[in-house]
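Asker: Take a look at final_15.txt, compact mmCIF, C-alpha atoms and all ligand atoms:
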# COMPACT_ATOMS: atom_id res chain seq x y z
CA MET R 1 -1.78 27.51 -2.55
CA ALA R 2 0.14 26.22 -5.55
CA ASP R 3 -1.42 24.60 -8.58
CA LEU R 4 0.45 21.32 -9.03
CA THR R 5 -2.08 19.82 -11.43
CA GLY R 6 0.40 20.26 -14.28
CA VAL R 7 3.22 18.41 -12.48
CA SER R 8 3.55 14.89 -13.89
CA TRP R 9 2.80 12.20 -11.28
CA ASP R 10 6.24 10.65 -11.76
CA LYS R 11 7.96 13.99 -11.09
CA PHE R 12 5.84 14.91 -8.07
CA PRO R 13 7.83 16.11 -5.03
CA LEU R 14 7.75 14.34 -1.67
CA ARG R 15 6.60 17.49 0.11
CA ALA R 16 3.89 19.92 -0.90
CA ALA R 17 1.67 22.33 1.02
CA PRO R 18 -1.61 20.88 2.35
CA SER R 19 -3.76 23.12 0.15
CA ASP R 20 -1.75 22.57 -3.04
CA GLN R 21 -3.96 21.37 -5.88
CA VAL R 22 -3.10 17.85 -7.12
CA SER R 23 -5.98 17.46 -9.57
CA LYS R 24 -8.90 19.68 -10.53
CA ASN R 25 -10.88 18.95 -7.35
CA PHE R 26 -8.43 17.35 -4.89
CA LYS R 27 -5.83 18.93 -2.68
CA PHE R 28 -2.61 17.44 -1.35
CA TYR R 29 -3.83 17.05 2.25
CA GLU R 30 -6.67 14.78 1.12
CA LEU R 31 -4.11 12.10 0.20
CA THR R 32 -2.95 11.71 3.82
CA ALA R 33 -5.90 12.94 5.91
CA SER R 34 -6.95 10.62 8.73
CA GLU R 35 -9.08 11.34 11.78
CA THR R 36 -7.42 8.45 13.59
CA ALA R 37 -3.95 9.81 12.87
CA GLU R 38 -5.00 13.22 14.18
CA ARG R 39 -6.55 11.83 17.33
CA LEU R 40 -3.57 9.57 18.08
CA LEU R 41 -0.96 12.16 17.02
CA ILE R 42 0.42 9.87 14.31
CA ASP R 43 2.52 11.60 11.64
CA ASN R 44 0.88 10.24 8.48
CA ARG R 45 2.89 12.28 5.98
CA PHE R 46 4.48 10.48 3.05
CA THR R 47 7.96 9.19 3.83
CA ARG R 48 9.01 7.99 0.36
CA VAL R 49 8.63 9.63 -3.00
CA ALA R 50 7.20 6.40 -4.51
CA GLU R 51 4.26 6.68 -2.09
CA VAL R 52 3.35 10.23 -2.96
CA ARG R 53 3.68 9.56 -6.68
CA ALA R 54 1.45 6.48 -6.49
CA ALA R 55 -1.12 8.52 -4.54
CA VAL R 56 -1.03 11.37 -7.06
CA HIS R 57 -1.46 8.84 -9.89
CA LEU R 58 -4.43 7.32 -8.02
CA CYS R 59 -5.89 10.76 -7.39
CA ARG R 60 -5.86 11.65 -11.06
CA ASN R 61 -6.96 8.25 -12.41
CA VAL R 62 -9.46 7.10 -9.77
CA LEU R 63 -10.61 9.94 -7.47
CA GLN R 64 -10.95 12.64 -10.14
CA PRO R 65 -12.92 10.56 -12.70
CA ILE R 66 -15.32 9.51 -9.89
CA ARG R 67 -15.65 13.17 -8.85
CA ASP R 68 -16.32 14.18 -12.47
CA LYS R 69 -19.07 11.58 -12.74
CA PHE R 70 -20.77 11.70 -9.33
CA GLY R 71 -19.90 15.05 -7.75
CA ARG R 72 -18.32 16.13 -4.54
CA PHE R 73 -16.88 13.65 -2.01
CA THR R 74 -13.93 13.40 0.32
CA PRO R 75 -11.94 10.16 0.29
CA ASN R 76 -12.15 8.35 3.65
CA SER R 77 -8.53 7.33 3.35
CA VAL R 78 -5.72 7.18 0.79
CA PHE R 79 -2.15 6.83 2.15
CA ARG R 80 -1.74 5.17 5.54
CA CYS R 81 1.69 4.82 7.11
CA GLN R 82 2.60 1.62 8.95
CA GLU R 83 2.02 3.21 12.35
CA LEU R 84 -1.50 4.26 11.33
CA GLU R 85 -2.20 0.79 9.94
CA ARG R 86 -1.15 -0.77 13.26
CA ALA R 87 -3.38 1.64 15.17
CA LEU R 88 -6.38 1.00 12.91
CA LYS R 89 -5.96 -2.77 12.97
CA LYS R 90 -4.89 -2.96 16.63
CA LYS R 91 -1.58 -4.71 15.92
CA ARG R 92 1.72 -4.87 17.77
CA SER R 93 4.65 -2.64 16.85
CA ASN R 94 6.49 -5.44 15.00
CA TRP R 95 3.58 -6.13 12.61
CA THR R 96 3.90 -4.91 9.02
CA SER R 97 0.85 -4.16 6.94
CA ALA R 98 0.76 -5.42 3.33
CA SER R 99 -2.13 -3.07 2.51
CA GLN R 100 -1.78 -1.09 -0.70
CA HIS R 101 -2.75 1.97 1.38
CA THR R 102 0.81 1.88 2.81
CA LEU R 103 2.16 2.28 -0.76
CA GLY R 104 -0.15 5.15 -1.65
CA GLN R 105 -1.86 2.83 -4.14
CA ALA R 106 -5.33 2.55 -2.54
CA CYS R 107 -8.25 4.70 -1.47
CA ASP R 108 -11.48 4.11 0.43
CA ILE R 109 -14.45 6.05 -0.90
CA GLU R 110 -18.18 6.62 -0.49
CA ILE R 111 -20.49 8.87 -2.49
CA PRO R 112 -23.22 10.41 -0.30
CA GLY R 113 -26.54 8.69 -1.02
CA MET R 114 -25.15 6.30 -3.61
CA PRO R 115 -25.36 2.55 -2.96
CA THR R 116 -21.84 1.26 -2.31
CA LEU R 117 -22.28 -1.69 -4.68
CA GLU R 118 -23.31 0.63 -7.53
CA LEU R 119 -20.21 2.73 -7.01
CA ALA R 120 -18.00 -0.38 -7.00
CA ASP R 121 -19.70 -1.57 -10.17
CA TRP R 122 -19.22 1.76 -11.95
CA VAL R 123 -15.50 1.82 -11.09
CA ALA R 124 -15.13 -1.78 -12.28
CA LYS R 125 -16.72 -0.96 -15.64
CA ASN R 126 -15.13 2.43 -16.30
CA LEU R 127 -11.68 2.73 -14.72
CA GLU R 128 -8.37 0.91 -14.72
CA PHE R 129 -7.71 -0.66 -11.31
CA ASP R 130 -5.72 -3.34 -9.56
CA GLN R 131 -8.34 -4.37 -7.02
CA ILE R 132 -11.80 -3.24 -5.97
CA ILE R 133 -13.12 -4.41 -2.61
CA CYS R 134 -16.75 -3.74 -1.79
CA GLU R 135 -16.37 -3.54 1.99
CA CYS R 136 -19.05 -4.18 4.62
CA TYR R 137 -21.93 -3.14 2.36
CA ASP R 138 -25.31 -4.15 3.75
CA PRO R 139 -28.25 -2.43 1.97
CA ARG R 140 -30.47 -3.07 5.00
CA LYS R 141 -28.30 -0.54 6.82
CA GLY R 142 -28.75 2.10 4.10
CA PRO R 143 -27.09 2.93 0.78
CA ASN R 144 -24.00 4.39 2.42
CA SER R 145 -23.21 1.38 4.59
CA GLY R 146 -19.70 0.17 3.90
CA TRP R 147 -17.27 1.70 1.43
CA VAL R 148 -15.40 0.91 -1.78
CA HIS R 149 -11.68 0.22 -1.64
CA VAL R 150 -9.96 0.85 -4.99
CA SER R 151 -6.29 0.28 -5.70
CA ILE R 152 -4.26 1.12 -8.78
CA VAL R 153 -0.59 0.43 -9.47
CA PRO R 154 1.17 3.22 -11.38
CA PRO R 155 2.93 2.50 -14.70
CA GLY R 156 6.23 0.69 -14.30
CA MET R 157 5.44 -0.53 -10.77
CA GLY R 158 3.60 -3.75 -11.68
CA GLU R 159 0.42 -4.84 -13.39
CA ASN R 160 -3.17 -3.93 -12.60
CA ARG R 161 -4.99 -7.21 -12.09
CA GLY R 162 -8.60 -6.00 -12.32
CA LYS R 163 -9.50 -8.12 -9.30
CA LEU R 164 -13.02 -7.89 -7.81
CA THR R 165 -13.52 -8.78 -4.16
CA SER R 166 -16.13 -8.21 -1.45
CA TYR R 167 -15.72 -8.19 2.31
CA VAL R 168 -19.06 -9.43 3.59
CA LEU R 169 -20.67 -10.79 6.71
CA ASP R 170 -20.82 -14.56 6.58
CA PRO R 171 -24.17 -15.45 8.18
CA ARG R 172 -22.91 -18.85 9.32
CA SER R 173 -19.81 -17.73 11.21
CA GLY R 174 -21.04 -14.22 12.03
CA LYS R 175 -17.67 -12.91 10.83
CA TYR R 176 -16.56 -10.80 7.90
CA VAL R 177 -14.90 -12.77 5.10
CA TYR R 178 -13.39 -11.98 1.69
CA VAL R 179 -15.25 -13.45 -1.27
CA ALA R 180 -14.71 -13.16 -5.03
CA GLY R 181 -16.82 -10.73 -7.03
CA LEU R 182 -18.87 -7.70 -6.04
CA GLN R 183 -21.70 -8.50 -3.65
CA THR R 184 -23.59 -7.33 -0.58
CA SER R 185 -23.65 -8.71 2.92
CA GLY R 186 -27.39 -9.38 2.51
CA THR R 187 -26.76 -12.01 -0.17
CA ALA R 188 -23.49 -13.43 1.11
CA SER R 189 -23.19 -17.13 0.53
CA ALA R 190 -19.54 -17.66 1.47
ZN ZN M 1 -9.01 0.37 1.79
Is it possible to give me this structure as structure tokens?
Ligand SMILES: [Zn+2]
Answerer:
Amino acid sequence: MADLTGVSWDKFPLRAAPSDQVSKNFKFYELTASETAERLLIDNRFTRVAEVRAAVHLCRNVLQPIRDKFGRFTPNSVFRCQELERALKKKRSNWTSASQHTLGQACDIEIPGMPTLELADWVAKNLEFDQIICECYDPRKGPNSGWVHVSIVPPGMGENRGKLTSYVLDPRSGKYVYVAGLQTSGTASA
């Protein structure tokens, strides 16, 4: 295991060992780990240096501050290659995902026992970010229902908009919809 915590994000190499330390509490493999990729034998390693550098920047500026504040967690997902995106979203091979996960600029997180909306709110108030999406949170299903999607664009790659969005169940259509602001499915009015 190598300690890469001192390597600047914008100098980070494309390849590192899975157990190499990227920040105080996160290892390299956590930036690409995916149960779906494992099960479907999808190679979800970074393919471009811009992706790994964006993910390292996100790790140090989003994941680590959340870990420092709330304790141990494993990100559900950080980088997702196009093939993994197609598998997750059940798309054809000619479809291209515009998700910031494909750029290494987004993560999906949950803190055990912490209401998803509270986590989203803390990130919004304390960290720099491009977009937060409070996804599928329904407190009737327990505090850990849903997850928080956080994206951040590294310096020189564009601006961070500070956009707040929720993906909630619309009671009228019975479908999930994107709405502005941070809210729960229980109070959705979209
Ligand atoms: Zn996400």
Asker: Within 8 Å of ligand ZN 1 (chain M), which residues show up when you count only C-alpha atoms and all ligand atoms? List them as a PDB file with C-alpha atoms, in the coordinates of the input, please.
Answerer:
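Listing of result_17.pdb after writing:
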ATOM      1  CA  SER R  77      -8.530   7.330   3.350  1.00  0.00           C
ATOM      2  CA  VAL R  78      -5.720   7.180   0.790  1.00  0.00           C
ATOM      3  CA  SER R  99      -2.130  -3.070   2.510  1.00  0.00           C
ATOM      4  CA  GLN R 100      -1.780  -1.090  -0.700  1.00  0.00           C
ATOM      5  CA  HIS R 101      -2.750   1.970   1.380  1.00  0.00           C
ATOM      6  CA  ALA R 106      -5.330   2.550  -2.540  1.00  0.00           C
ATOM      7  CA  CYS R 107      -8.250   4.700  -1.470  1.00  0.00           C
ATOM      8  CA  ASP R 108     -11.480   4.110   0.430  1.00  0.00           C
ATOM      9  CA  ILE R 133     -13.120  -4.410  -2.610  1.00  0.00           C
ATOM     10  CA  VAL R 148     -15.400   0.910  -1.780  1.00  0.00           C
ATOM     11  CA  HIS R 149     -11.680   0.220  -1.640  1.00  0.00           C
ATOM     12  CA  VAL R 150      -9.960   0.850  -4.990  1.00  0.00           C
ATOM     13  CA  SER R 151      -6.290   0.280  -5.700  1.00  0.00           C
TER      14      SER R 151
END
Asker: Within 10 Å of (-3.2, 9.6, 14.3), in the coordinates the file gives, what residues turn up when you count only C-alpha atoms, written out as a ChimeraX atom specification?
Answerer: /R:33-44,80-81,83-85,87-88
Asker: So which residues touch R:Pro65 within 10 Å, counting all atoms listed in the file, skipping near sequence neighbours fewer than 6 positions away, as a PyMOL selection string?
Answerer: chain R and resi 59+71+123+126-127
Asker: Each residue of stretch 58-141 of chain R with at least one atom at most 8 Å from stretch 168-179 of chain R should appear once, together with its nearest atom pair and the corresponding distance in Å (one decimal); atoms considered: only C-alpha atoms; ordering: chain, then increasing residue number; output as JSON lines.
Answerer:
{"residue": "R:Glu135", "atom": "CA", "partner": "R:Val168", "partner_atom": "CA", "distance": 6.7}
{"residue": "R:Cys136", "atom": "CA", "partner": "R:Val168", "partner_atom": "CA", "distance": 5.4}
{"residue": "R:Tyr137", "atom": "CA", "partner": "R:Val168", "partner_atom": "CA", "distance": 7.0}
Asker: Between atom CA of R:Gly142 and atom CA of R:Asp68, what is the spacing in Å?
Answerer: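 Taking atom CA of R:Asp68 and atom CA of R:Gly142, their separation equals 24.0 Å.
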Asker: What does the distance from atom CA of R:Arg72 to atom CA of R:Asp3 come to in Å, to one decimal?
Answerer: 19.3 Å
Asker: Could you give me, as a PyMOL selection string, the residues within 10 Å of R:Pro115, counting all atoms listed in the file and dropping anything in the same chain fewer than 6 positions from it?
Answerer: chain R and resi 137-139+142-147
Asker: Measure the distance from atom CA of R:Thr5 to atom CA of R:Ser23 in Å and round it to one decimal.
Answerer: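 Distance between the two atoms: 4.9 Å.
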Asker: List every protein, DNA or RNA residue that has at least one atom no more than 8 Å from (-2.7, 13.3, 0.7) in the file's coordinates, counting all atoms listed in the file, and write the result as a list in words.
Answerer: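 Protein and nucleic acid residues near the point are Pro18, Lys27, Phe28, Tyr29, Glu30, Leu31, Thr32, Ala33, Arg45, Val52, Ala55, Val78 and Phe79 of chain R.
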Asker: Counting only C-alpha atoms, what is within 10 Å of R:Ala50, bar same-chain residues fewer than 6 positions away, as a ChimeraX atom specification?
Answerer: /R:9-10,12-14,56,103-105,154,157
Asker: Smallest atom-to-atom distance to R:Leu117: which of R:Gln21, R:Gln64, R:Thr165, R:Thr74, using only C-alpha atoms?
Answerer: R:Thr165
Asker: Between R:Arg60, R:Lys11, R:Arg48, R:Lys141, which residue has the minimum interatomic distance to R:Phe26, considering all atoms listed in the file?
Answerer: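 Of the candidates, the smallest distance to R:Phe26 is held by R:Arg60.
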Asker: If we count all atoms listed in the file, what is near R:Asn160 at a cut-off of 10 Å, once residues fewer than 4 positions away on the same chain are taken out, given as a ChimeraX atom specification?
Answerer: /R:128-131,151-155
Asker: Which residue out of R:Gly181, R:Cys134, R:Phe70, R:Leu164 has the minimum interatomic distance to R:Ile111 when only C-alpha atoms are used?
Answerer: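 Closest to R:Ile111 of all the choices is R:Phe70.
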Asker: Which one of R:Ser19, R:Ser8, R:Asn25, R:Thr96 sits closest to R:Ala54 if you count all atoms listed in the file?
Answerer: R:Ser8
